[in-house]
There are 2 protein chains.
Amino acid sequence: MAIREDPSDIWEFKRPGIAVDVVLLTIIDGELKVGLIKREEDPYHGKHALPGRFVRYEESITDTARIAIESKGNIKANGIYLEQLYTFGDNLDRDTRIRTISIVYYGLVKAEVIDRQKESKFRWEPVYGLPPLAFDHADIIKSAVERIREKLFHTGIIFNLLPNEFTLSELQHAFEIVLNDSLDKRNFRKKMNEIYVLKDTRKTRMEGAHRPAALYSYVKTR
Amino acid sequence: MAIREDPSDIWEFKRPGIAVDVVLLTIIDGELKVGLIKREEDPYHGKHALPGRFVRYEESITDTARIAIESKGNIKANGIYLEQLYTFGDNLDRDTRIRTISIVYYGLVKAEVIDRQKESKFRWEPVYGLPPLAFDHADIIKSAVERIREKLFHTGIIFNLLPNEFTLSELQHAFEIVLNDSLDKRNFRKKMNEIYVLKDTRKTRMEGAHRPAALYSYVKTR
DNA sequence: ACAAAAGTGTTCCAAATACACCCATGA
DNA sequence: TCATGGGTGTATTTGGAACACTTTTGT
């Protein structure tokens, strides 16, 4: 795109491979989980790794990310919030077989849409208790979580982890799970009303021997 | 790197080109400037563009960025602060000739090290008054500036635009130039002492008919 | 003596934090 | 009636913003 060598030159030298890898996050059973694939080949045989895919010539990179999610994670990729994290291309030996540049995205998935088949190579593993990972994928997952934390109070990103209707306690728990820290209930509710417009659905959820909770839906970030 | 197709497959399909483009910024004559190259070919003949380079197989991507800077900008690239901004790979028609993915870096250059030869294809143009740019490079420059602004008060990034010894007024002007806004002198100095450790060099700079200013050097960010 | 930038503290306001009790329900 | 989570307001602290005068030098 910019001024550089004449593009016809590009056919003349050997080019690195380019792939998209995705840090898929969701909340299952009150835990933050990341979608990983158990490797069945070397290097890192038996370790877990982020799902990924090589970028095809005719494919935009977000398309590549979505196709990777659908084919590896067996999830319908529309309705997944996707954002670019970082591009890794400095360690020439990451993939020992071919020099590969990796564009990493993170994606937030509502628990409702995940396919909970057991026994697949694709598994949801706890972020705060990761299994042994291939390559530097543990660091990548950590930086994805940090990035999300930074955006939590400035954007409506959290609602990508919640059903369309939720109680304020569920909302607070989602924040706490992502932050891995507890929050004060009253201050939290005050802040929610400051940063978001939430619609009271006039419905309630009754579960357990206690007062029913009001159900809200997300309208917009102020 | 991650689980994806067998890497041997990668030789089987046509791959996009991959390049690094660099938003080089410096302060010259009290103005924020970006290093651009005037295109002498289509598309965008006569427009300005970011310097860039295709990534070679054996080159890390920061190496690619540094080589692009040295060869296009005629600047010694060591001592330039470089950080990755974003990777653009969704618009399949950015470069009309070949599908190219562009990894964009931004770099901060001390004015002292730039080569001020006139008449070169490489020129320093004012960020707040850009000439007509090729592709979407105007947007890219804006987002680089935004990114730097976000980091200004949390990191020591600003010192990459200043000589090793500087007065507090120079420091404030650098902030103001990057922010494109003015700051209160007393609050500014208070904050500098909160976020940085600055060393008083015990030297002063006398220039003009007024009290000489103390010279400081940057030690670290608190 | 005056012009010009260097240097220095206090007051005010807004935002974040800490904190405790009543409510509605099922068992 | 008791156990459980739902729901609400005020006082305190902290950090950011506004603001004006004295100092040191050269001319």
# chains A, B, ... in the order shown; residues from 1 in each chain; ligands from 1
call {"tool": "residues_around", "arguments": {"residues": "DA17 (chain D)", "least_positions_apart": "5", "cutoff": "12 Å", "atoms": "only C-alpha atoms (C1' of nucleotides)", "output": "PyMOL selection string"}}
result
(chain B and resi 183-188) or (chain C and resi 11-14)
call {"tool": "write_last_selection", "arguments": {"atoms": "N, CA, C and O atoms (P, O5', C5', C4', C3', O3' and C1' of nucleotides)", "output": "PDB file, in the first residue's frame"}}
result
ATOM      1  N   LEU B 183      -1.595  23.625  28.403  1.00  0.00           N
ATOM      2  CA  LEU B 183      -1.656  23.063  29.747  1.00  0.00           C
ATOM      3  C   LEU B 183      -1.301  24.137  30.764  1.00  0.00           C
ATOM      4  O   LEU B 183      -0.575  25.089  30.458  1.00  0.00           O
ATOM      5  N   ASP B 184      -1.796  23.969  31.962  1.00  0.00           N
ATOM      6  CA  ASP B 184      -1.495  24.898  33.048  1.00  0.00           C
ATOM      7  C   ASP B 184      -0.112  24.599  33.610  1.00  0.00           C
ATOM      8  O   ASP B 184       0.197  23.463  33.981  1.00  0.00           O
ATOM      9  N   LYS B 185       0.705  25.666  33.677  1.00  0.00           N
ATOM     10  CA  LYS B 185       2.106  25.448  34.050  1.00  0.00           C
ATOM     11  C   LYS B 185       2.276  24.828  35.429  1.00  0.00           C
ATOM     12  O   LYS B 185       3.039  23.876  35.600  1.00  0.00           O
ATOM     13  N   ARG B 186       1.559  25.327  36.435  1.00  0.00           N
ATOM     14  CA  ARG B 186       1.783  24.812  37.790  1.00  0.00           C
ATOM     15  C   ARG B 186       1.269  23.392  37.950  1.00  0.00           C
ATOM     16  O   ARG B 186       1.923  22.538  38.538  1.00  0.00           O
ATOM     17  N   ASN B 187       0.079  23.126  37.398  1.00  0.00           N
ATOM     18  CA  ASN B 187      -0.443  21.760  37.473  1.00  0.00           C
ATOM     19  C   ASN B 187       0.454  20.798  36.706  1.00  0.00           C
ATOM     20  O   ASN B 187       0.683  19.673  37.133  1.00  0.00           O
ATOM     21  N   PHE B 188       0.975  21.285  35.584  1.00  0.00           N
ATOM     22  CA  PHE B 188       1.854  20.447  34.778  1.00  0.00           C
ATOM     23  C   PHE B 188       3.100  20.046  35.572  1.00  0.00           C
ATOM     24  O   PHE B 188       3.472  18.874  35.633  1.00  0.00           O
TER      25      PHE B 188
ATOM     26  P    DT C  11      -5.731  27.883  51.221  1.00  0.00           P
ATOM     27  O5'  DT C  11      -6.881  27.946  50.122  1.00  0.00           O
ATOM     28  C5'  DT C  11      -7.076  29.132  49.348  1.00  0.00           C
ATOM     29  C4'  DT C  11      -8.168  28.842  48.339  1.00  0.00           C
ATOM     30  C3'  DT C  11      -9.404  28.170  48.950  1.00  0.00           C
ATOM     31  O3'  DT C  11     -10.574  28.791  48.397  1.00  0.00           O
ATOM     32  C1'  DT C  11      -8.574  26.858  47.170  1.00  0.00           C
ATOM     33  P    DC C  12     -12.005  28.206  48.704  1.00  0.00           P
ATOM     34  O5'  DC C  12     -12.347  27.352  47.398  1.00  0.00           O
ATOM     35  C5'  DC C  12     -12.176  27.937  46.104  1.00  0.00           C
ATOM     36  C4'  DC C  12     -12.682  26.966  45.048  1.00  0.00           C
ATOM     37  C3'  DC C  12     -14.015  26.305  45.403  1.00  0.00           C
ATOM     38  O3'  DC C  12     -14.853  26.322  44.237  1.00  0.00           O
ATOM     39  C1'  DC C  12     -12.368  24.635  44.985  1.00  0.00           C
ATOM     40  P    DC C  13     -16.357  25.834  44.354  1.00  0.00           P
ATOM     41  O5'  DC C  13     -16.313  24.459  43.539  1.00  0.00           O
ATOM     42  C5'  DC C  13     -15.813  24.450  42.196  1.00  0.00           C
ATOM     43  C4'  DC C  13     -15.666  23.014  41.750  1.00  0.00           C
ATOM     44  C3'  DC C  13     -16.905  22.155  41.956  1.00  0.00           C
ATOM     45  O3'  DC C  13     -17.222  21.540  40.716  1.00  0.00           O
ATOM     46  C1'  DC C  13     -14.997  21.076  42.857  1.00  0.00           C
ATOM     47  P    DA C  14     -18.511  20.678  40.529  1.00  0.00           P
ATOM     48  O5'  DA C  14     -17.910  19.298  39.988  1.00  0.00           O
ATOM     49  C5'  DA C  14     -16.644  19.298  39.339  1.00  0.00           C
ATOM     50  C4'  DA C  14     -16.145  17.870  39.260  1.00  0.00           C
ATOM     51  C3'  DA C  14     -17.250  16.824  39.194  1.00  0.00           C
ATOM     52  O3'  DA C  14     -16.813  15.773  38.344  1.00  0.00           O
ATOM     53  C1'  DA C  14     -15.958  16.471  41.144  1.00  0.00           C
TER      54       DA C  14
END
call {"tool": "interface_residues", "arguments": {"of": "chain D", "to": "chain A", "cutoff": "7 Å", "atoms": "only C-alpha atoms (C1' of nucleotides)", "output": "PyMOL selection string"}}
result
chain D and resi 4-6
call {"tool": "residues_around", "arguments": {"residues": "DA15 (chain C)", "least_positions_apart": "5", "cutoff": "10 Å", "atoms": "only C-alpha atoms (C1' of nucleotides)", "output": "JSON, numbers by chain"}}
result
{"D": [14, 15, 16]}
call {"tool": "write_last_selection", "arguments": {"atoms": "all heavy atoms", "output": "PDB file, in the first residue's frame"}}
result
ATOM      1  P    DT D  14      -7.413   9.883  51.530  1.00  0.00           P
ATOM      2  OP1  DT D  14      -6.529   8.731  51.776  1.00  0.00           O
ATOM      3  OP2  DT D  14      -7.158  11.183  52.198  1.00  0.00           O
ATOM      4  O5'  DT D  14      -7.499  10.130  49.958  1.00  0.00           O
ATOM      5  C5'  DT D  14      -8.235   9.200  49.140  1.00  0.00           C
ATOM      6  C4'  DT D  14      -8.253   9.720  47.716  1.00  0.00           C
ATOM      7  O4'  DT D  14      -9.303  10.719  47.581  1.00  0.00           O
ATOM      8  C3'  DT D  14      -6.947  10.401  47.294  1.00  0.00           C
ATOM      9  O3'  DT D  14      -6.525   9.827  46.073  1.00  0.00           O
ATOM     10  C2'  DT D  14      -7.323  11.882  47.152  1.00  0.00           C
ATOM     11  C1'  DT D  14      -8.814  11.824  46.852  1.00  0.00           C
ATOM     12  N1   DT D  14      -9.627  12.996  47.300  1.00  0.00           N
ATOM     13  C2   DT D  14     -10.605  13.488  46.454  1.00  0.00           C
ATOM     14  O2   DT D  14     -10.828  13.018  45.353  1.00  0.00           O
ATOM     15  N3   DT D  14     -11.310  14.561  46.958  1.00  0.00           N
ATOM     16  C4   DT D  14     -11.139  15.166  48.187  1.00  0.00           C
ATOM     17  O4   DT D  14     -11.839  16.118  48.524  1.00  0.00           O
ATOM     18  C5   DT D  14     -10.102  14.608  49.016  1.00  0.00           C
ATOM     19  C7   DT D  14      -9.828  15.195  50.369  1.00  0.00           C
ATOM     20  C6   DT D  14      -9.401  13.565  48.536  1.00  0.00           C
ATOM     21  P    DG D  15      -5.109  10.236  45.426  1.00  0.00           P
ATOM     22  OP1  DG D  15      -4.391   8.995  45.052  1.00  0.00           O
ATOM     23  OP2  DG D  15      -4.446  11.239  46.305  1.00  0.00           O
ATOM     24  O5'  DG D  15      -5.600  10.954  44.095  1.00  0.00           O
ATOM     25  C5'  DG D  15      -6.652  10.372  43.315  1.00  0.00           C
ATOM     26  C4'  DG D  15      -7.107  11.371  42.285  1.00  0.00           C
ATOM     27  O4'  DG D  15      -7.917  12.391  42.942  1.00  0.00           O
ATOM     28  C3'  DG D  15      -5.957  12.111  41.597  1.00  0.00           C
ATOM     29  O3'  DG D  15      -6.256  12.214  40.206  1.00  0.00           O
ATOM     30  C2'  DG D  15      -5.932  13.464  42.298  1.00  0.00           C
ATOM     31  C1'  DG D  15      -7.411  13.673  42.632  1.00  0.00           C
ATOM     32  N9   DG D  15      -7.661  14.538  43.788  1.00  0.00           N
ATOM     33  C8   DG D  15      -6.973  14.578  44.968  1.00  0.00           C
ATOM     34  N7   DG D  15      -7.444  15.461  45.812  1.00  0.00           N
ATOM     35  C5   DG D  15      -8.516  16.034  45.137  1.00  0.00           C
ATOM     36  C6   DG D  15      -9.424  17.065  45.547  1.00  0.00           C
ATOM     37  O6   DG D  15      -9.449  17.676  46.613  1.00  0.00           O
ATOM     38  N1   DG D  15     -10.358  17.343  44.552  1.00  0.00           N
ATOM     39  C2   DG D  15     -10.419  16.721  43.332  1.00  0.00           C
ATOM     40  N2   DG D  15     -11.380  17.122  42.511  1.00  0.00           N
ATOM     41  N3   DG D  15      -9.585  15.770  42.939  1.00  0.00           N
ATOM     42  C4   DG D  15      -8.661  15.471  43.889  1.00  0.00           C
ATOM     43  P    DG D  16      -5.288  13.056  39.210  1.00  0.00           P
ATOM     44  OP1  DG D  16      -4.950  12.176  38.076  1.00  0.00           O
ATOM     45  OP2  DG D  16      -4.205  13.675  40.011  1.00  0.00           O
ATOM     46  O5'  DG D  16      -6.247  14.219  38.676  1.00  0.00           O
ATOM     47  C5'  DG D  16      -7.571  13.904  38.238  1.00  0.00           C
ATOM     48  C4'  DG D  16      -8.276  15.199  37.889  1.00  0.00           C
ATOM     49  O4'  DG D  16      -8.566  15.942  39.104  1.00  0.00           O
ATOM     50  C3'  DG D  16      -7.456  16.133  37.002  1.00  0.00           C
ATOM     51  O3'  DG D  16      -8.321  16.694  36.026  1.00  0.00           O
ATOM     52  C2'  DG D  16      -6.886  17.160  37.986  1.00  0.00           C
ATOM     53  C1'  DG D  16      -7.977  17.219  39.057  1.00  0.00           C
ATOM     54  N9   DG D  16      -7.489  17.517  40.408  1.00  0.00           N
ATOM     55  C8   DG D  16      -6.410  16.961  41.049  1.00  0.00           C
ATOM     56  N7   DG D  16      -6.232  17.421  42.264  1.00  0.00           N
ATOM     57  C5   DG D  16      -7.265  18.336  42.426  1.00  0.00           C
ATOM     58  C6   DG D  16      -7.595  19.157  43.536  1.00  0.00           C
ATOM     59  O6   DG D  16      -7.021  19.232  44.635  1.00  0.00           O
ATOM     60  N1   DG D  16      -8.727  19.936  43.279  1.00  0.00           N
ATOM     61  C2   DG D  16      -9.434  19.929  42.099  1.00  0.00           C
ATOM     62  N2   DG D  16     -10.478  20.743  42.041  1.00  0.00           N
ATOM     63  N3   DG D  16      -9.141  19.168  41.059  1.00  0.00           N
ATOM     64  C4   DG D  16      -8.037  18.400  41.289  1.00  0.00           C
TER      65       DG D  16
END
call {"tool": "residues_around", "arguments": {"residues": "Ile148 (chain B)", "least_positions_apart": "2", "cutoff": "12 Å", "atoms": "only C-alpha atoms (C1' of nucleotides)", "output": "PyMOL selection string"}}
result
chain B and resi 23-25+81-85+105-108+141-146+150-158+160-161+175+177-179
call {"tool": "atom_distance", "arguments": {"atom1": "C1' of DA5 (chain C)", "atom2": "CA of Lys199 (chain B)"}}
result
21.4 Å
call {"tool": "closest_atom_pairs", "arguments": {"of": "chain C", "to": "chain B", "cutoff": "12 Å", "atoms": "only C-alpha atoms (C1' of nucleotides)", "output": "tab-separated table"}}
result
residue	atom	partner	partner_atom	distance
C:DC2	C1'	B:Ala209	CA	11.0
C:DA3	C1'	B:Ala209	CA	7.9
C:DA4	C1'	B:His210	CA	5.5
C:DA5	C1'	B:His210	CA	5.7
C:DA6	C1'	B:Arg211	CA	5.8
C:DG7	C1'	B:Arg186	CA	9.0
C:DT8	C1'	B:Arg186	CA	7.7
C:DG9	C1'	B:Arg186	CA	9.2
C:DT10	C1'	B:Arg186	CA	11.7
call {"tool": "interface_residues", "arguments": {"of": "chain A", "to": "chain B", "cutoff": "8 Å", "atoms": "only C-alpha atoms", "output": "ChimeraX atom specification"}}
result
/A:1-5,7,10,13-18,21,37,39,49-62,84,86-87,89-92,94-95,97-100,102-103,134-135
call {"tool": "write_last_selection", "arguments": {"atoms": "N, CA and C atoms", "output": "compact mmCIF listing (two decimals), in the first residue's frame"}}
result
# COMPACT_ATOMS: atom_id res chain seq x y z
N MET A 1 0.80 -1.20 0.00
CA MET A 1 0.00 0.00 0.00
C MET A 1 0.84 1.26 0.00
N ALA A 2 1.81 1.31 0.88
CA ALA A 2 2.62 2.54 0.93
C ALA A 2 3.69 2.48 -0.15
N ILE A 3 4.44 3.52 -0.19
CA ILE A 3 5.61 3.50 -1.05
C ILE A 3 6.59 2.49 -0.51
N ARG A 4 6.94 1.59 -1.32
CA ARG A 4 7.99 0.64 -0.95
C ARG A 4 8.49 0.07 -2.25
N GLU A 5 9.01 -1.11 -2.22
CA GLU A 5 9.46 -1.69 -3.48
C GLU A 5 8.29 -1.74 -4.45
N PRO A 7 5.60 -3.37 -6.26
CA PRO A 7 4.93 -4.59 -5.80
C PRO A 7 5.20 -5.81 -6.67
N ILE A 10 7.37 -8.37 -5.22
CA ILE A 10 7.01 -9.25 -4.12
C ILE A 10 7.02 -10.71 -4.54
N PHE A 13 10.77 -12.56 -3.81
CA PHE A 13 11.41 -13.15 -2.64
C PHE A 13 10.44 -14.01 -1.86
N LYS A 14 11.01 -14.90 -1.11
CA LYS A 14 10.25 -15.86 -0.32
C LYS A 14 9.49 -15.10 0.75
N ARG A 15 8.20 -15.38 0.87
CA ARG A 15 7.41 -14.63 1.83
C ARG A 15 7.05 -15.46 3.04
N PRO A 16 6.92 -14.80 4.22
CA PRO A 16 6.49 -15.53 5.41
C PRO A 16 5.04 -15.96 5.27
N GLY A 17 4.66 -16.98 6.02
CA GLY A 17 3.26 -17.34 6.11
C GLY A 17 2.55 -16.37 7.03
N ILE A 18 1.27 -16.17 6.81
CA ILE A 18 0.53 -15.28 7.69
C ILE A 18 -0.77 -15.93 8.12
N ASP A 21 -4.82 -15.99 14.66
CA ASP A 21 -5.15 -16.82 15.82
C ASP A 21 -6.15 -16.07 16.68
N ILE A 37 -7.46 -25.65 21.57
CA ILE A 37 -7.40 -26.91 20.86
C ILE A 37 -6.21 -27.71 21.35
N ARG A 39 -3.31 -30.02 20.83
CA ARG A 39 -2.49 -30.37 19.67
C ARG A 39 -2.23 -31.87 19.61
N ALA A 49 -3.50 -25.04 22.42
CA ALA A 49 -3.11 -23.90 21.58
C ALA A 49 -4.35 -23.14 21.14
N LEU A 50 -4.15 -21.89 20.78
CA LEU A 50 -5.24 -21.08 20.24
C LEU A 50 -5.63 -21.58 18.86
N PRO A 51 -6.92 -21.55 18.56
CA PRO A 51 -7.34 -21.91 17.21
C PRO A 51 -6.89 -20.84 16.22
N GLY A 52 -6.52 -21.28 15.02
CA GLY A 52 -6.03 -20.33 14.03
C GLY A 52 -6.24 -20.84 12.63
N ARG A 53 -5.82 -20.00 11.68
CA ARG A 53 -6.01 -20.36 10.27
C ARG A 53 -5.10 -19.48 9.42
N PHE A 54 -4.55 -20.04 8.38
CA PHE A 54 -3.77 -19.23 7.45
C PHE A 54 -4.69 -18.30 6.66
N VAL A 55 -4.18 -17.11 6.38
CA VAL A 55 -4.97 -16.14 5.62
C VAL A 55 -4.89 -16.46 4.14
N ARG A 56 -6.06 -16.63 3.52
CA ARG A 56 -6.09 -16.88 2.09
C ARG A 56 -6.03 -15.55 1.34
N TYR A 57 -5.67 -15.64 0.08
CA TYR A 57 -5.47 -14.43 -0.71
C TYR A 57 -6.75 -13.61 -0.83
N GLU A 58 -7.88 -14.28 -0.89
CA GLU A 58 -9.15 -13.58 -1.17
C GLU A 58 -9.92 -13.29 0.11
N GLU A 59 -9.31 -13.53 1.26
CA GLU A 59 -10.02 -13.45 2.53
C GLU A 59 -9.57 -12.23 3.32
N SER A 60 -10.50 -11.42 3.80
CA SER A 60 -10.10 -10.36 4.72
C SER A 60 -9.68 -11.02 6.04
N ILE A 61 -8.89 -10.33 6.85
CA ILE A 61 -8.38 -11.00 8.05
C ILE A 61 -9.47 -11.23 9.09
N THR A 62 -10.50 -10.39 9.14
CA THR A 62 -11.58 -10.74 10.07
C THR A 62 -12.37 -11.93 9.55
N GLN A 84 -9.12 -6.90 17.12
CA GLN A 84 -7.72 -7.24 16.93
C GLN A 84 -6.90 -6.93 18.16
N TYR A 86 -3.08 -7.97 18.57
CA TYR A 86 -1.69 -7.65 18.29
C TYR A 86 -1.20 -8.59 17.19
N THR A 87 -0.14 -8.17 16.52
CA THR A 87 0.46 -9.03 15.50
C THR A 87 1.85 -9.44 15.95
N GLY A 89 5.31 -11.14 15.08
CA GLY A 89 6.10 -11.50 13.91
C GLY A 89 7.58 -11.28 14.13
N ASP A 90 7.98 -11.29 15.40
CA ASP A 90 9.39 -11.04 15.68
C ASP A 90 10.17 -12.32 15.96
N ASN A 91 9.49 -13.30 16.53
CA ASN A 91 10.19 -14.54 16.83
C ASN A 91 10.15 -15.44 15.60
N LEU A 92 11.28 -15.53 14.92
CA LEU A 92 11.30 -16.24 13.64
C LEU A 92 11.13 -17.74 13.82
N ARG A 94 8.92 -19.26 16.02
CA ARG A 94 7.69 -19.64 16.72
C ARG A 94 7.13 -20.95 16.19
N ASP A 95 6.89 -20.96 14.92
CA ASP A 95 6.52 -22.22 14.30
C ASP A 95 7.80 -22.74 13.71
N ARG A 97 8.51 -24.92 11.68
CA ARG A 97 8.58 -25.47 10.32
C ARG A 97 8.60 -24.39 9.25
N ILE A 98 7.89 -23.31 9.54
CA ILE A 98 7.80 -22.27 8.53
C ILE A 98 7.73 -20.94 9.26
N ARG A 99 8.33 -19.93 8.73
CA ARG A 99 8.30 -18.63 9.38
C ARG A 99 6.90 -18.05 9.19
N THR A 100 6.24 -17.80 10.32
CA THR A 100 4.85 -17.39 10.27
C THR A 100 4.62 -16.14 11.10
N SER A 102 1.73 -13.96 12.97
CA SER A 102 0.42 -14.29 13.52
C SER A 102 -0.32 -13.03 13.96
N ILE A 103 -1.47 -12.80 13.34
CA ILE A 103 -2.33 -11.69 13.74
C ILE A 103 -3.32 -12.26 14.75
N ALA A 134 0.97 -24.27 24.24
CA ALA A 134 1.98 -24.27 23.20
C ALA A 134 2.47 -22.84 22.94
N PHE A 135 3.66 -22.74 22.40
CA PHE A 135 4.21 -21.44 21.98
C PHE A 135 4.12 -20.45 23.14
call {"tool": "atom_distance", "arguments": {"atom1": "CA of Lys203 (chain B)", "atom2": "CA of Tyr216 (chain B)"}}
result
8.1 Å
call {"tool": "residues_around", "arguments": {"residues": "region 218-220 of chain A", "least_positions_apart": "6", "cutoff": "7 Å", "atoms": "only C-alpha atoms (C1' of nucleotides)", "output": "list in words"}}
result
Tyr196, Val197, Leu198 and Lys199 of chain A
call {"tool": "select_by_dssp", "arguments": {"residues": "region 8-101 of chain B", "states": "strand (DSSP E or B)", "output": "PyMOL selection string"}}
result
chain B and resi 17-28+31-38+48-49+51-54+81-88+100-101
